[in-house]
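Read the structure below first, then the notes.
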Amino acid sequence: MPPELQRIAHTDAKGRVTATPTLRGALLKSFLRPTSILQSAGKLGVFLLQLSPAFSPRKHELTELEPLAKQLRGYPLAIEFRNRNWVVGDQLGSTMNFLREHHLGFVNVDAPAADHFSIVPSDLNEITNPDFAYLRLHGRDAKAYLTGKTVAARFNYDYSDAEISDVAERSKKLARDVKAVHVVFNNNNLDYAPCAAIRLRKTLGQEVTAPMPQTPGLF
């Protein structure tokens, strides 16, 4: 922690920091200070809040997100649920209504076709903020996603040309109803993500001037 935050932080008997509302607010202000430069320059895209699979409808309430949403008012914020129970059955409508009411974006995903509680279905194309849509791609290998011991192992997936074309069509559909679409590749083993992003831009007919990244040049 920065020194100014260390001075207001309190720890328990085991030395763990207690996440008080005061400390959380100070942490957020510290985070926003440098990012405000991006916002003023028109270079800020969307903040991503990735929730833990442990954040489930059985144990939590969506209203727990309200303090953060209020503090980030004026900034675009997208919420990624990692527990599918927020977006299936009767809960789906309630979740989307909450996000719309608070001007929060829903993170649509491309993920493995599996019913595990930590995998959100890929057939959702929800728009909850008219300013933007968000699509995050995790790869389609269920075994890697569920059993990988590292981030690179979990998202070890290289999208095929046909799959990139599918992503391009999905992006076009999302773009019909919003001002901007943010497509983010999270298949972050080796150079899979940047290469997939460049291939998607080419498929969408966007000009690509940078050379295709190579693994030795990235690491």
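Letters for chains follow the order of the structure tokens (A, B, ...), residue numbers begin at 1 for each chain, and ligand numbers begin at 1 in the order shown.
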At a cut-off of 10 Å, can you tabulate as a Markdown table every residue of stretch 156-189 of chain A near stretch 102-116 of chain A together with its closest atom pair and the distance in Å to one decimal, using only C-alpha atoms and ordering rows by chain then number?
| residue | atom | partner | partner_atom | distance |
| --- | --- | --- | --- | --- |
| A:Val167 | CA | A:Asp110 | CA | 8.4 |
| A:His182 | CA | A:Val107 | CA | 9.6 |
| A:Val183 | CA | A:Asn108 | CA | 9.5 |
| A:Val184 | CA | A:Val109 | CA | 9.5 |
| A:Phe185 | CA | A:Asp110 | CA | 9.3 |
| A:Asn186 | CA | A:Asp110 | CA | 9.7 |
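Every protein or nucleic acid residue with an atom no more than 9 Å from A:Asn83, counting only C-alpha atoms and leaving out same-chain residues fewer than 2 positions away, appears here: Leu51, Ser52, Pro53, Ala54, Phe55, Ser56, Pro57, Phe81, Asn85, Trp86, Val87, His116, Phe117, Ser118, Ile119 and Val120 of chain A.
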Same residues, C-alpha atoms, saved as a tab-separated table (two decimals), in the first residue's frame:
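Once everything was written out, this is result18.tsv:
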chain	number	residue	atom	x	y	z
A	51	LEU	CA	-16.48	-10.72	-9.33
A	52	SER	CA	-15.43	-13.94	-7.63
A	53	PRO	CA	-17.39	-17.16	-8.27
A	54	ALA	CA	-18.02	-17.06	-4.50
A	55	PHE	CA	-20.19	-13.97	-5.06
A	56	SER	CA	-23.40	-15.92	-5.50
A	57	PRO	CA	-27.13	-15.08	-5.21
A	81	PHE	CA	-20.16	-12.25	-13.00
A	85	ASN	CA	-26.56	-18.35	-11.07
A	86	TRP	CA	-26.82	-14.58	-11.45
A	87	VAL	CA	-27.80	-14.93	-15.11
A	116	HIS	CA	-20.22	-25.49	-14.06
A	117	PHE	CA	-21.38	-22.75	-11.68
A	118	SER	CA	-18.27	-20.65	-12.39
A	119	ILE	CA	-18.88	-20.50	-16.16
A	120	VAL	CA	-21.35	-17.90	-17.40
Inset, instruction - Enter the distance from atom CA of A:Val181 to atom CA of A:Gly25, in Å, rounded to one decimal. - result: 29.4 Å
Inset, instruction - Go through stretch 129-167 of chain A and collect every residue that DSSP, computed from the backbone, puts in strand (DSSP E); the answer should be as an MDAnalysis selection string. - result: chainID A and resid 132:137
Inset, instruction - List every residue of stretch 75-133 of chain A that DSSP, applied to the backbone of this structure, places in alpha helix (DSSP H), and write the result as a PyMOL selection string. - result: chain A and resi 91-101
Inset, instruction - Tell me, as a ChimeraX atom specification, which residues lie within 12 Å of A:Ile164, counting only C-alpha atoms; anything in the same chain fewer than 3 positions away does not count. - result: /A:110,137,139,158-161,167-171,183,185,193,195-204
Residues from last step as file, N, CA and C atoms, as a PDB file, in the first residue's frame:
ATOM      1  N   ASP A 110     -17.379 -15.140 -23.958  1.00  0.00           N
ATOM      2  CA  ASP A 110     -17.210 -16.325 -24.779  1.00  0.00           C
ATOM      3  C   ASP A 110     -16.417 -17.279 -23.904  1.00  0.00           C
ATOM      4  N   LEU A 137     -13.481 -12.617 -23.887  1.00  0.00           N
ATOM      5  CA  LEU A 137     -13.297 -13.953 -24.441  1.00  0.00           C
ATOM      6  C   LEU A 137     -12.270 -14.741 -23.644  1.00  0.00           C
ATOM      7  N   GLY A 139     -11.731 -18.213 -24.093  1.00  0.00           N
ATOM      8  CA  GLY A 139     -11.393 -19.492 -24.696  1.00  0.00           C
ATOM      9  C   GLY A 139     -12.497 -20.500 -24.467  1.00  0.00           C
ATOM     10  N   ASP A 158      -6.269 -21.053 -28.286  1.00  0.00           N
ATOM     11  CA  ASP A 158      -5.969 -20.297 -29.500  1.00  0.00           C
ATOM     12  C   ASP A 158      -7.186 -20.373 -30.424  1.00  0.00           C
ATOM     13  N   TYR A 159      -7.878 -19.247 -30.599  1.00  0.00           N
ATOM     14  CA  TYR A 159      -9.093 -19.217 -31.405  1.00  0.00           C
ATOM     15  C   TYR A 159      -8.797 -19.520 -32.875  1.00  0.00           C
ATOM     16  N   SER A 160      -9.620 -20.344 -33.474  1.00  0.00           N
ATOM     17  CA  SER A 160      -9.478 -20.656 -34.896  1.00  0.00           C
ATOM     18  C   SER A 160     -10.019 -19.506 -35.733  1.00  0.00           C
ATOM     19  N   ASP A 161      -9.741 -19.534 -37.018  1.00  0.00           N
ATOM     20  CA  ASP A 161     -10.246 -18.485 -37.915  1.00  0.00           C
ATOM     21  C   ASP A 161     -11.772 -18.474 -37.935  1.00  0.00           C
ATOM     22  N   VAL A 167     -16.925 -14.442 -33.563  1.00  0.00           N
ATOM     23  CA  VAL A 167     -16.781 -13.316 -32.634  1.00  0.00           C
ATOM     24  C   VAL A 167     -17.039 -11.992 -33.360  1.00  0.00           C
ATOM     25  N   ALA A 168     -16.590 -11.902 -34.599  1.00  0.00           N
ATOM     26  CA  ALA A 168     -16.804 -10.684 -35.376  1.00  0.00           C
ATOM     27  C   ALA A 168     -18.299 -10.447 -35.599  1.00  0.00           C
ATOM     28  N   GLU A 169     -19.028 -11.488 -35.933  1.00  0.00           N
ATOM     29  CA  GLU A 169     -20.469 -11.343 -36.147  1.00  0.00           C
ATOM     30  C   GLU A 169     -21.185 -10.977 -34.859  1.00  0.00           C
ATOM     31  N   ARG A 170     -20.768 -11.571 -33.779  1.00  0.00           N
ATOM     32  CA  ARG A 170     -21.370 -11.245 -32.484  1.00  0.00           C
ATOM     33  C   ARG A 170     -21.097  -9.789 -32.118  1.00  0.00           C
ATOM     34  N   SER A 171     -19.898  -9.325 -32.394  1.00  0.00           N
ATOM     35  CA  SER A 171     -19.540  -7.936 -32.105  1.00  0.00           C
ATOM     36  C   SER A 171     -20.381  -6.961 -32.931  1.00  0.00           C
ATOM     37  N   VAL A 183     -14.239  -5.335 -27.031  1.00  0.00           N
ATOM     38  CA  VAL A 183     -13.992  -6.775 -27.144  1.00  0.00           C
ATOM     39  C   VAL A 183     -12.605  -7.041 -26.568  1.00  0.00           C
ATOM     40  N   PHE A 185      -9.835  -9.932 -25.311  1.00  0.00           N
ATOM     41  CA  PHE A 185      -9.408 -11.332 -25.292  1.00  0.00           C
ATOM     42  C   PHE A 185      -8.672 -11.626 -23.991  1.00  0.00           C
ATOM     43  N   ALA A 193      -3.701 -13.891 -27.053  1.00  0.00           N
ATOM     44  CA  ALA A 193      -4.649 -12.777 -26.960  1.00  0.00           C
ATOM     45  C   ALA A 193      -4.351 -11.656 -27.948  1.00  0.00           C
ATOM     46  N   CYS A 195      -2.610 -11.719 -30.672  1.00  0.00           N
ATOM     47  CA  CYS A 195      -2.752 -12.220 -32.042  1.00  0.00           C
ATOM     48  C   CYS A 195      -4.226 -12.345 -32.419  1.00  0.00           C
ATOM     49  N   ALA A 196      -5.034 -12.833 -31.489  1.00  0.00           N
ATOM     50  CA  ALA A 196      -6.469 -12.962 -31.763  1.00  0.00           C
ATOM     51  C   ALA A 196      -7.099 -11.591 -31.962  1.00  0.00           C
ATOM     52  N   ALA A 197      -6.664 -10.601 -31.195  1.00  0.00           N
ATOM     53  CA  ALA A 197      -7.213  -9.258 -31.333  1.00  0.00           C
ATOM     54  C   ALA A 197      -6.901  -8.665 -32.712  1.00  0.00           C
ATOM     55  N   ILE A 198      -5.699  -8.869 -33.173  1.00  0.00           N
ATOM     56  CA  ILE A 198      -5.325  -8.371 -34.499  1.00  0.00           C
ATOM     57  C   ILE A 198      -6.107  -9.102 -35.589  1.00  0.00           C
ATOM     58  N   ARG A 199      -6.276 -10.404 -35.435  1.00  0.00           N
ATOM     59  CA  ARG A 199      -7.048 -11.170 -36.422  1.00  0.00           C
ATOM     60  C   ARG A 199      -8.506 -10.725 -36.441  1.00  0.00           C
ATOM     61  N   LEU A 200      -9.046 -10.407 -35.278  1.00  0.00           N
ATOM     62  CA  LEU A 200     -10.425  -9.922 -35.225  1.00  0.00           C
ATOM     63  C   LEU A 200     -10.541  -8.579 -35.929  1.00  0.00           C
ATOM     64  N   ARG A 201      -9.602  -7.689 -35.691  1.00  0.00           N
ATOM     65  CA  ARG A 201      -9.648  -6.377 -36.345  1.00  0.00           C
ATOM     66  C   ARG A 201      -9.584  -6.525 -37.861  1.00  0.00           C
ATOM     67  N   LYS A 202      -8.764  -7.423 -38.335  1.00  0.00           N
ATOM     68  CA  LYS A 202      -8.689  -7.661 -39.778  1.00  0.00           C
ATOM     69  C   LYS A 202     -10.008  -8.211 -40.304  1.00  0.00           C
ATOM     70  N   THR A 203     -10.613  -9.121 -39.559  1.00  0.00           N
ATOM     71  CA  THR A 203     -11.889  -9.695 -39.978  1.00  0.00           C
ATOM     72  C   THR A 203     -12.976  -8.627 -40.034  1.00  0.00           C
ATOM     73  N   LEU A 204     -12.909  -7.655 -39.127  1.00  0.00           N
ATOM     74  CA  LEU A 204     -13.882  -6.566 -39.085  1.00  0.00           C
ATOM     75  C   LEU A 204     -13.563  -5.457 -40.098  1.00  0.00           C
TER      76      LEU A 204
END
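The smallest atom-to-atom distance between A:Leu28 and any of A:Ala153, A:Val88, A:Gln71, A:Val178, using only C-alpha atoms, is found for A:Gln71.
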Legend entry - Interatomic distance, atom CA of A:Phe155 to atom CA of A:Ser122 (Å, one decimal): 15.4 Å
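Distances from A:Asp177, A:Asp141, A:Glu163, A:Glu207 to A:Ile127 were compared using only C-alpha atoms, and the smallest one belongs to A:Asp177.
When only C-alpha atoms are used to compute distances to A:Arg136, the closest of the residues A:Asn97, A:Ser165, A:Asn188, A:Thr20 turns out to be A:Asn188.
Residues lying within 9 Å of A:Leu23, counting only C-alpha atoms and ignoring same-chain neighbours fewer than 6 positions away, are Leu5, Ile8, Ala9 and His10 of chain A.
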Suppose we keep N, CA and C atoms; can you now write the selection as a PDB file, in the first residue's frame?
ATOM      1  N   LEU A   5      -1.903   5.404   2.625  1.00  0.00           N
ATOM      2  CA  LEU A   5      -2.940   4.434   2.949  1.00  0.00           C
ATOM      3  C   LEU A   5      -2.519   3.551   4.124  1.00  0.00           C
ATOM      4  N   ILE A   8      -3.702   4.824   7.510  1.00  0.00           N
ATOM      5  CA  ILE A   8      -5.097   4.720   7.937  1.00  0.00           C
ATOM      6  C   ILE A   8      -5.583   3.275   7.977  1.00  0.00           C
ATOM      7  N   ALA A   9      -4.705   2.341   7.618  1.00  0.00           N
ATOM      8  CA  ALA A   9      -5.081   0.926   7.608  1.00  0.00           C
ATOM      9  C   ALA A   9      -4.969   0.333   9.013  1.00  0.00           C
ATOM     10  N   HIS A  10      -5.904  -0.537   9.337  1.00  0.00           N
ATOM     11  CA  HIS A  10      -5.888  -1.239  10.612  1.00  0.00           C
ATOM     12  C   HIS A  10      -5.769  -2.738  10.338  1.00  0.00           C
TER      13      HIS A  10
END
